[in-house]
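Q: Handing over work_32.txt, compact mmCIF, C-alpha atoms and all ligand atoms.
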```txt
# COMPACT_ATOMS: atom_id res chain seq x y z
CA MET J 25 164.30 67.11 129.35
CA ILE J 26 162.00 64.38 130.51
CA GLN J 27 163.76 61.07 131.18
CA GLN J 28 163.11 58.46 128.49
CA ALA J 29 164.56 55.44 130.26
CA SER J 30 161.86 55.02 132.90
CA LEU J 31 159.04 54.72 130.39
CA LYS J 32 157.90 51.10 130.47
CA LEU J 33 154.15 50.65 130.30
CA ARG J 34 152.29 47.38 130.56
CA CYS J 35 149.34 46.68 128.30
CA GLN J 36 146.02 47.10 130.12
CA GLU J 37 144.53 43.95 128.53
CA ASP J 38 144.61 41.08 131.05
CA ASN J 39 146.01 38.36 128.78
CA HIS J 40 148.56 40.59 127.05
CA ILE J 41 152.08 40.20 128.32
CA GLU J 42 153.81 42.64 125.99
CA GLU J 43 154.68 46.20 126.88
CA ILE J 44 153.01 49.13 125.15
CA ASP J 45 154.62 49.49 121.76
CA PHE J 46 152.42 51.91 119.81
CA ILE J 47 150.56 55.12 120.50
CA CYS J 48 147.73 56.53 118.41
CA TYR J 49 147.67 60.32 118.02
CA HIS J 50 144.69 60.50 115.65
CA GLU J 51 142.51 63.45 116.61
CA PHE J 52 139.21 61.58 116.47
CA CYS J 53 140.38 58.15 117.67
CA THR J 54 137.86 56.57 120.02
CA GLY J 55 139.91 53.43 120.82
CA PHE J 56 142.45 53.03 123.61
CA ARG J 57 145.47 54.99 122.42
CA LEU J 58 148.18 52.86 124.06
CA ASN J 59 148.65 49.49 122.39
CA CYS J 60 150.91 46.51 122.62
CA PHE J 61 151.65 44.59 119.42
CA ASP J 62 148.77 42.14 120.07
CA CYS J 63 146.32 45.04 120.56
CA PHE J 64 147.58 46.72 117.43
CA LYS J 65 146.98 43.56 115.38
CA LYS J 66 143.25 43.78 116.25
CA GLY J 67 143.08 46.68 113.80
CA ILE J 68 141.37 49.37 115.94
CA HIS J 69 143.62 52.06 114.45
CA HIS J 70 143.97 50.72 110.92
CA THR J 71 141.79 53.40 109.35
CA HIS J 72 144.24 56.05 110.57
CA SER J 73 147.51 54.14 110.83
CA ASP J 74 149.52 57.21 109.71
CA ASP J 75 148.85 58.67 113.15
CA VAL J 76 150.11 55.59 115.01
CA LYS J 77 153.70 55.98 116.22
CA LYS J 78 156.17 53.97 118.26
CA VAL J 79 155.99 54.44 122.03
CA ASN J 80 159.28 56.39 122.14
CA SER J 81 157.43 59.23 120.39
CA LEU J 82 155.57 59.93 123.64
CA ILE J 83 158.29 61.96 125.40
CA PRO J 84 158.95 64.30 122.44
CA PHE J 85 155.17 64.61 122.07
CA ILE J 86 154.81 65.64 125.73
CA GLU J 87 157.72 68.07 125.46
CA SER J 88 156.38 69.80 122.39
CA ASN J 89 152.91 69.85 123.90
CA ASN J 90 154.23 71.45 127.09
CA LYS J 91 155.88 74.13 124.97
CA GLU J 92 152.60 74.77 123.17
CA CYS J 93 150.86 75.05 126.51
CA ASP J 94 153.45 77.54 127.83
CA ASN J 95 153.15 79.57 124.61
CA LEU J 96 149.38 79.71 124.94
CA ILE J 97 149.64 80.94 128.53
CA ASP J 98 152.25 83.54 127.48
CA ASP J 99 149.94 84.80 124.74
CA LEU J 100 147.03 85.03 127.16
CA ASN J 101 149.18 86.91 129.67
CA LYS J 102 150.18 89.35 126.93
CA CYS J 103 146.50 89.92 126.09
CA VAL J 104 145.67 90.72 129.70
CA GLU J 105 148.77 92.89 129.90
CA THR J 106 147.55 95.09 127.01
CA LEU J 107 144.18 95.31 128.72
CA ASN J 108 145.86 96.50 131.91
CA GLN J 109 147.93 99.04 130.02
CA SER J 110 144.95 100.66 128.33
CA PHE J 111 142.99 100.57 131.58
CA SER J 112 145.72 102.32 133.52
CA GLN J 113 146.06 104.87 130.68
CA LEU J 114 142.34 105.57 131.07
CA THR J 115 142.43 105.94 134.86
CA LYS J 116 145.57 108.07 134.74
CA GLY J 117 143.95 110.31 132.12
CA ILE J 118 140.84 110.70 134.25
CA ARG J 119 142.93 111.64 137.26
CA ASN J 120 145.03 114.15 135.27
CA LYS J 121 142.04 115.89 133.80
CA TYR J 122 139.48 115.83 136.58
CA SER J 123 141.39 115.66 139.83
CA LEU J 124 142.95 118.97 140.72
CA VAL J 125 145.68 119.40 143.29
CA LYS J 126 144.33 122.22 145.49
CA GLU J 127 147.75 123.78 145.93
CA ARG J 128 148.05 124.31 142.18
CA LEU J 129 144.99 126.51 142.14
CA VAL J 130 147.11 129.58 142.95
CA ASN J 131 149.09 129.07 139.72
CA MET J 132 146.01 128.92 137.50
CA ASN J 133 144.27 131.84 135.84
CA SER J 134 140.52 132.26 135.79
CA TYR J 135 140.19 130.82 132.25
CA GLN J 136 141.91 127.63 133.27
CA ILE J 137 139.72 127.34 136.35
CA ASN J 138 136.69 127.95 134.15
CA ASP J 139 137.82 125.10 131.86
CA TYR J 140 138.35 122.89 134.84
CA LEU J 141 134.82 123.63 136.13
CA ASN J 142 133.31 123.00 132.70
CA SER J 143 134.85 119.58 132.31
CA THR J 144 134.47 118.51 135.93
CA ILE J 145 130.79 119.37 136.06
CA LYS J 146 130.28 117.33 132.89
CA LEU J 147 132.12 114.40 134.43
CA MET J 148 129.19 113.93 136.82
CA GLU J 149 127.07 113.22 133.78
CA TYR J 150 129.60 110.80 132.24
CA LYS J 151 130.38 109.04 135.49
CA GLN J 152 127.48 106.63 135.47
CA SER J 153 127.87 105.61 131.85
CA ILE J 154 131.65 105.11 132.24
CA SER J 155 131.10 102.74 135.16
CA LYS J 156 128.31 100.97 133.31
CA ILE J 157 130.39 100.40 130.16
CA ILE J 158 133.34 99.00 132.11
CA GLU J 159 131.17 96.85 134.39
CA GLU J 160 129.36 95.32 131.42
CA GLN J 161 132.57 94.52 129.55
CA ILE J 162 134.19 93.03 132.66
CA LYS J 163 131.09 90.93 133.27
CA LYS J 164 131.34 89.61 129.69
CA LEU J 165 135.03 88.86 130.09
CA ASN J 166 134.48 87.09 133.42
CA HIS J 167 131.72 85.10 131.82
CA ALA J 168 134.05 84.07 128.98
CA PHE J 169 136.77 82.97 131.46
CA ASN J 170 134.26 80.94 133.49
CA ASN J 171 132.77 79.38 130.37
CA LEU J 172 136.17 78.30 129.11
CA TYR J 173 137.01 76.91 132.54
CA GLU J 174 133.84 74.80 132.39
CA GLN J 175 134.22 73.79 128.74
CA LEU J 176 137.80 72.63 129.20
CA GLN J 177 136.69 70.81 132.39
CA LEU J 178 139.62 72.27 134.27
CA SER J 179 138.16 71.78 137.73
CA SER J 180 137.68 68.02 137.49
CA PHE J 181 141.20 67.27 136.34
CA ASN J 182 143.91 65.41 138.25
CA TYR J 183 146.40 63.15 136.47
CA TYR J 184 148.57 62.68 139.49
CA LEU J 185 147.03 60.75 142.33
CA ILE J 186 149.30 61.20 145.31
CA ASP J 187 149.03 59.62 148.73
CA ASP J 188 150.27 60.84 152.10
CA ASN J 189 153.49 58.83 151.78
CA ASN J 190 154.39 60.61 148.60
CA ILE J 191 153.59 63.99 150.08
CA GLU J 192 155.96 63.20 152.94
CA ARG J 193 158.69 61.89 150.60
CA ALA J 194 158.40 65.00 148.46
CA GLU J 195 158.82 67.14 151.59
CA ASP J 196 161.90 65.17 152.69
CA LEU J 197 163.50 65.61 149.29
CA CYS J 198 162.64 69.29 149.36
CA ASN J 199 164.30 69.70 152.78
CA GLN J 200 167.44 67.96 151.53
CA GLY J 201 167.42 70.28 148.54
CA LYS J 202 167.06 73.31 150.82
CA LYS J 203 170.16 72.29 152.80
CA LEU J 204 172.17 72.10 149.57
CA TYR J 205 170.68 75.40 148.49
CA LEU J 206 171.87 77.05 151.68
CA ASP J 207 175.33 75.56 151.06
CA LEU J 208 175.19 77.40 147.70
CA ASN J 209 175.26 74.03 145.94
CA TYR J 210 172.55 74.97 143.46
CA ASN J 211 173.08 72.29 140.81
CA GLU J 212 172.84 69.45 143.30
CA ALA J 213 169.97 71.12 145.12
CA LEU J 214 168.10 71.20 141.81
CA THR J 215 168.25 67.42 141.48
CA TYR J 216 166.48 67.09 144.86
CA PHE J 217 163.82 69.65 144.00
CA ASP J 218 163.26 67.88 140.66
CA LYS J 219 162.77 64.53 142.42
CA SER J 220 160.41 66.14 144.90
CA ILE J 221 158.36 67.71 142.09
CA VAL J 222 158.13 64.41 140.18
CA ILE J 223 156.56 62.80 143.28
CA ASN J 224 154.32 65.72 144.16
CA THR J 225 153.80 68.33 141.46
CA SER J 226 151.93 70.50 143.96
CA ASN J 227 154.85 70.87 146.36
CA GLN J 228 154.99 74.61 146.19
CA GLU J 229 158.16 74.95 148.20
CA SER J 230 160.07 72.71 145.78
CA LEU J 231 158.67 74.58 142.79
CA CYS J 232 159.71 77.84 144.35
CA TYR J 233 163.16 76.72 145.40
CA LYS J 234 163.72 75.27 141.95
CA GLY J 235 163.00 78.77 140.67
CA ASN J 236 165.46 80.15 143.25
CA CYS J 237 168.20 77.74 142.14
CA LEU J 238 167.69 78.58 138.47
CA MET J 239 167.80 82.25 139.37
CA MET J 240 171.10 81.77 141.20
CA LEU J 241 172.39 79.93 138.10
CA ASN J 242 171.41 82.97 135.99
CA LYS J 243 168.67 81.05 134.17
CA TYR J 244 166.12 83.79 134.66
CA GLU J 245 163.60 82.77 131.99
CA ASP J 246 163.48 79.20 133.32
CA ALA J 247 163.25 80.53 136.87
CA ILE J 248 160.16 82.53 136.00
CA THR J 249 158.47 79.42 134.58
CA TRP J 250 158.88 77.65 137.92
CA PHE J 251 157.82 80.65 139.98
CA ASP J 252 154.75 80.78 137.76
CA LYS J 253 153.99 77.14 138.57
CA ALA J 254 154.28 77.90 142.28
CA LEU J 255 152.10 80.97 141.86
CA ALA J 256 149.48 78.95 139.99
CA ILE J 257 148.99 76.80 143.09
CA ASP J 258 148.64 79.72 145.48
CA PRO J 259 148.98 83.26 144.13
CA ASN J 260 149.69 84.56 147.61
CA TYR J 261 152.72 82.40 148.03
CA VAL J 262 154.96 85.15 149.21
CA ILE J 263 158.40 83.74 148.62
CA SER J 264 157.88 83.22 144.93
CA LEU J 265 156.17 86.55 144.62
CA SER J 266 158.97 88.38 146.34
CA ASN J 267 161.76 86.65 144.47
CA LYS J 268 160.02 87.23 141.21
CA GLY J 269 159.88 90.94 141.95
CA ARG J 270 163.61 91.05 141.52
CA PHE J 271 163.14 90.55 137.79
CA HIS J 272 161.91 93.02 135.24
CA HIS J 273 158.82 90.98 134.66
CA PRO J 274 155.89 93.28 133.86
CA TYR J 275 153.19 91.02 135.25
CA ILE J 276 154.77 90.45 138.60
CA ASN J 277 156.19 93.95 138.89
CA ARG J 278 152.67 95.25 138.68
CA LEU J 279 151.58 92.86 141.39
CA MET J 280 154.43 94.15 143.51
CA PHE J 281 153.68 97.83 142.95
CA ASN J 282 150.03 97.26 143.70
CA ASP J 283 150.84 96.50 147.27
CA VAL J 284 154.12 97.86 148.46
CA LYS J 285 153.35 97.02 152.06
CA GLN J 286 152.75 93.38 151.23
CA ILE J 287 156.06 93.27 149.42
CA GLN J 288 157.94 94.74 152.34
CA GLY J 289 156.33 92.01 154.41
CA CYS J 290 157.44 89.47 151.81
CA ASN J 291 161.05 90.54 151.86
CA HIS J 292 161.03 90.26 155.61
CA PHE J 293 159.50 86.81 155.31
CA VAL J 294 162.02 85.71 152.70
CA GLY J 295 164.83 86.85 154.93
CA GLN J 296 163.43 84.68 157.71
CA SER J 297 162.73 81.64 155.56
CA ILE J 298 166.16 81.63 153.94
CA SER J 299 167.91 81.63 157.27
CA TYR J 300 165.73 78.74 158.52
ZN ZN U 401 147.71 44.70 124.40
ZN ZN U 402 143.46 55.40 116.86
```
Could you rewrite the structure in this file as structure tokens?
A:
Amino acid sequence: MIQQASLKLRCQEDNHIEEIDFICYHEFCTGFRLNCFDCFKKGIHHTHSDDVKKVNSLIPFIESNNKECDNLIDDLNKCVETLNQSFSQLTKGIRNKYSLVKERLVNMNSYQINDYLNSTIKLMEYKQSISKIIEEQIKKLNHAFNNLYEQLQLSSFNYYLIDDNNIERAEDLCNQGKKLYLDLNYNEALTYFDKSIVINTSNQESLCYKGNCLMMLNKYEDAITWFDKALAIDPNYVISLSNKGRFHHPYINRLMFNDVKQIQGCNHFVGQSISY
């Protein structure tokens, strides 16, 4: 839950001394959405006053919006997951049909070998069109991803302006949290990681250790959310990757199986980092 108590916002108008009292949620509002009582009296939002709510509606709004955002990402992940499943079915099928283990040749009769030759020789003909179909579809999909990235203006976004001091403070808090984590004091460690994340949402170590704490407290679903946040900053961040592999999480399990060597390296690295 996001803390309600700390929310005190001053009106941006110079001569207004009141705090922000109302928020406009109207979809097409072009005015400033945060208003003190004096601002509100000017009537900017009067045509859609049903969508103007008291300021304490902001936290529930953010919480429900965050949930919506998580749901959207889950749905998108599921889409890509089905794509991966049908793709691996295709490649497995190709391997089963067209790639013959030499040693099995002795167990096959001449009809079977004849069938094998028939289909394999035809594969040469199909090969180019198979690659072409897949390449074209992937190109389209990539194009769609890039377009959406542009349209939603995801690259130019940064709500949280952080300075060097805050980066350092977030690191300090993270280190304090890590000490508590190593003392197996997960609940208290969590409060430090939370504080660190509030100051610097990009502190990957705090995000990851928060996931670790939640995992140790058997809150696996929540843990995955925080590992995901760490992964979103740097997908190669090995600690989160490795820890996540301990779950039956299809997305990450696939990542793990894709590169067993990397994972072995990760486990080694985790071992080192935990005993810091
Ligand atoms: Zn005002
Ligand atoms: Zn409005």
Q: Given all atoms listed in the file as the basis, pick out the residue of J:Ile41, J:Ile118, J:Ile221, J:Ile47 nearest to ligand ZN 402 (chain U).
A: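 The shortest atom-to-atom distance to ligand ZN 402 (chain U) comes from J:Ile47.
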Q: Using only C-alpha atoms and all ligand atoms, which residues have at least one atom no more than 10 Å from ligand ZN 401 (chain U)? Output them as number ranges by chain.
A: J: 34-46, 56, 58-66
Q: With distances taken over only C-alpha atoms, which residue among J:Gln177, J:Thr115, J:Asn171, J:Thr249 lies nearest Ile154 (chain J)?
A: J:Thr115
Q: Enumerate residues in contact with ligand ZN 402 (chain U): an atom-to-atom distance of at most 9 Å, counting all atoms listed in the file. Format the result as a PyMOL selection string.
A: chain J and resi 47-58+68-73+75-76
Q: Take CA of Gly201 (chain J) and CA of Tyr216 (chain J) and report the distance between them in Å, one decimal.
A: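 Interatomic distance here is 5.0 Å.
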Q: Counting all atoms listed in the file, which residues come within 8 Å of (141.6, 125.6, 139.7), with the point read in the file's coordinates, and could you list them as a list in words?
A: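 Neighbouring residues, ordered by chain and number, come to Leu124, Lys126, Arg128, Leu129, Val130, Met132, Asn133, Ser134, Gln136, Ile137, Asn138, Tyr140 and Leu141 of chain J.
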Q: Taking all atoms of region 197-200 of chain J that the file lists and extending 3 Å past them on each side, where is the centre of the axis-aligned box and how long are its edges? Answer in Å to one decimal, as JSON.
A:
```
{"center_x": 165.0, "center_y": 67.7, "center_z": 151.0, "size_x": 10.8, "size_y": 10.1, "size_z": 9.5}
```
Q: Can you measure CA of Lys91 (chain J) to CA of Leu241 (chain J) for me? One decimal in Å is fine.
A: 21.9 Å
Q: What separation in Å, quoted to one decimal, exists between CA of Tyr233 (chain J) and CA of Asn90 (chain J)?
A: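 The value is 21.0 Å.
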Q: Calculated over all atoms listed in the file, which of the candidates J:Ser81, J:Met239, J:Thr144, J:Phe169 has the smallest distance to Val104 (chain J)?
A: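 Closest candidate: J:Phe169.
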Q: Check the smallest atom-to-atom distance from each of J:Leu214, J:Ala254, J:Glu245, J:Asp207 to Glu229 (chain J) using all atoms listed in the file, then report the winner.
A: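 For Glu229 (chain J), the nearest of the given residues is J:Ala254.
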Q: Between J:Leu238, J:Ile162, J:Ala256, J:Leu33, single out the one closest to Ser226 (chain J), counting all atoms listed in the file.
A: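 Answer, going by the shortest atom-to-atom distance: J:Ala256.
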